[in-house]
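Below: one structure, written as structure tokens.
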Amino acid sequence: MKNNKVFVITGATGVGKTTIARYLQDNYRMPRVITHTTRAPRDREMDGVSYYFENEVSFEKKHFLERVTYAGSQYGSSYEGLELAWQKNPYITIVLDTAGAITYAKELGEQAIIIFVTVTSPDVLVERVQVRGDDPTAVKQRVSSPEFLRDVTLPTALQHIAYELENDDWSRTKVRLDLLVNDIMNGRSIPQK
Ligand SMILES: Nc1ncnc2c1ncn2[C@@H]1O[C@H](COP(=O)(O)OP(=O)(O)OP(=O)(O)O)[C@@H](O)[C@H]1O
Ligand SMILES: Nc1nc2c(ncn2[C@@H]2O[C@H](COP(=O)(O)O)[C@@H](O)[C@H]2O)c(=O)[nH]1
């Protein structure tokens, strides 16, 4: 259905993408599209909830709309995943790296609402993922990856397409998010930076 929309939440590791998707699920009943990855689950992550956790063989058997390598692991999302979520609600979310967000903007056009999440000082990102309980070795590898460094800045291909959402202070982020969601749901266009 053309009226179906997907909020694509993108940005660097630890910036708050999953937190935002959870907020939209809890407050607007927007289901999150579950994507596939070959990386190992973190503490408290569950298969079929956080991700579909795959091995290299099972990953290759999926039918992906797009797939990327991020910090040495594979990630991918499918049309089937989108359709499954759209069966529950015309507004859904997906959390992607910026390469995936660019593909969604190209493939889905106006059906994809791209939200690029930022923080004023990227130094806080390491602290946030440490507080989240990520393994210190994995954090070190992640923050030195080219994908992490790339995703801190809005890519040229998403300029004038993505809404930039600063997430320094969660209580302020929620207010801006509510305004953005209500504008989209009411068919208003939002001025972009
Ligand atoms: N505004 C905020 N201020 C402080 N901490 C925050 C804020 N937003 C989210 N967090 C916390 O930062 C940590 C990382 O957030 P989250 O898991 O949502 O990031 P992410 O962008 O999805 O990361 P990743 O790409 O690594 O999965 C979590 O512990 C979350 O509770
Ligand atoms: N392009 C895609 N990016 C994805 C997908 N699933 C998750 N992601 C992004 O990968 C990085 C790393 O995720 P993490 O959970 O290991 O921290 C992050 O930016 C996710 O948003 C996908 O299917 N396609």
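Please note that chains go A, B, ... in the order of the structure tokens, that every chain numbers its residues from 1, and that ligands are numbered from 1 in the order shown.
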
Open item on the list: Using only C-alpha atoms and all ligand atoms, which residues of the polymer chains come no farther than 9 Å from ligand 2? I'd like the answer as an MDAnalysis selection string.
Closed with: chainID A and resid 9:14 17:18 33:37 39:42 50:51 64:71 73:78 94:104 142 147:148 151

- [ ] Dump the neighbourhood of ligand 1 as a list in words: all residues within 6 Å, distances computed on only C-alpha atoms and all ligand atoms.
- [x]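 Those residues are Thr13, Gly14, Val15, Gly16, Lys17, Thr18, Thr19, Arg128, Val129, Val131, Arg132, Asn167, Asp168, Asp169 and Trp170 of chain A.
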
- [ ] Do a neighbour search on segment 106-115 of chain A at 6 Å with only C-alpha atoms, toss out local chain neighbours closer than 2 positions, and write the hits as a list in words.
- [x]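 My list of contacting residues is Lys5, Val6, Phe7, Val8, Ile9, Thr103, Tyr104, Ala162, Tyr163 and Glu164 of chain A.
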
- [ ] Please provide as a list in words all residues within 12 Å of Gly187 of chain A, with the sequence filter that same-chain residues fewer than 4 positions apart are discarded (counting only C-alpha atoms).
- [x]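 With the cut-off at 12 Å, the set is Asn3, Lys5, Glu110, Leu180, Val181, Asn182 and Asp183 of chain A.
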
Let's have the selection written as a PDB file, in the first residue's frame, with N, CA and C atoms.
ATOM      1  N   ASN A   3       0.188   4.165   1.038  1.00  0.00           N
ATOM      2  CA  ASN A   3       0.083   4.994   2.245  1.00  0.00           C
ATOM      3  C   ASN A   3       0.943   4.493   3.395  1.00  0.00           C
ATOM      4  N   LYS A   5       4.104   3.786   5.547  1.00  0.00           N
ATOM      5  CA  LYS A   5       5.371   4.514   5.684  1.00  0.00           C
ATOM      6  C   LYS A   5       6.294   3.750   6.625  1.00  0.00           C
ATOM      7  N   GLU A 110       9.122   8.293  -1.187  1.00  0.00           N
ATOM      8  CA  GLU A 110       8.437   9.013  -0.097  1.00  0.00           C
ATOM      9  C   GLU A 110       7.861   8.091   0.975  1.00  0.00           C
ATOM     10  N   LEU A 180       7.579  15.668  15.107  1.00  0.00           N
ATOM     11  CA  LEU A 180       7.901  15.107  13.781  1.00  0.00           C
ATOM     12  C   LEU A 180       6.875  14.041  13.372  1.00  0.00           C
ATOM     13  N   VAL A 181       6.595  13.116  14.284  1.00  0.00           N
ATOM     14  CA  VAL A 181       5.655  12.026  13.979  1.00  0.00           C
ATOM     15  C   VAL A 181       4.260  12.593  13.692  1.00  0.00           C
ATOM     16  N   ASN A 182       3.830  13.542  14.499  1.00  0.00           N
ATOM     17  CA  ASN A 182       2.496  14.113  14.289  1.00  0.00           C
ATOM     18  C   ASN A 182       2.418  14.861  12.969  1.00  0.00           C
ATOM     19  N   ASP A 183       3.475  15.557  12.604  1.00  0.00           N
ATOM     20  CA  ASP A 183       3.494  16.248  11.311  1.00  0.00           C
ATOM     21  C   ASP A 183       3.394  15.245  10.156  1.00  0.00           C
TER      22      ASP A 183
END

Task: Shell around Phe59 of chain A at 8 Å using only C-alpha atoms, local window under 2 positions removed, as a ChimeraX atom specification - done: /A:36-38,54-57,61-62

Put those residues in a file: C-alpha atoms, as a PDB file, in the first residue's frame.
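Done, and the output landed in result02.pdb:
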ATOM      1  CA  HIS A  36      19.249 -10.117  10.187  1.00  0.00           C
ATOM      2  CA  THR A  37      22.846 -10.162  11.371  1.00  0.00           C
ATOM      3  CA  THR A  38      25.808 -12.487  11.698  1.00  0.00           C
ATOM      4  CA  GLU A  54      22.317 -15.866  11.593  1.00  0.00           C
ATOM      5  CA  ASN A  55      25.477 -17.718  10.724  1.00  0.00           C
ATOM      6  CA  GLU A  56      27.326 -17.073   7.450  1.00  0.00           C
ATOM      7  CA  VAL A  57      25.416 -19.912   5.723  1.00  0.00           C
ATOM      8  CA  LYS A  61      19.826 -17.898   2.170  1.00  0.00           C
ATOM      9  CA  LYS A  62      17.742 -14.779   2.938  1.00  0.00           C
TER      10      LYS A  62
END

- [ ] Run DSSP on the backbone and grab whatever in chain A lands in strand (DSSP E); send it over as JSON, numbers by chain.
- [x] {"A": [5, 6, 7, 8, 9, 10, 11, 36, 37, 52, 53, 66, 67, 68, 69, 70, 73, 74, 75, 76, 77, 91, 92, 93, 94, 95, 96, 112, 113, 114, 115, 116, 117, 118, 163, 164, 165, 166]}

Task: atom CA of Glu80 of chain A to atom CA of Leu158 of chain A, distance in Å rounded to a single decimal - done: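 Between atom CA of Glu80 of chain A and atom CA of Leu158 of chain A the gap works out to 24.7 Å.
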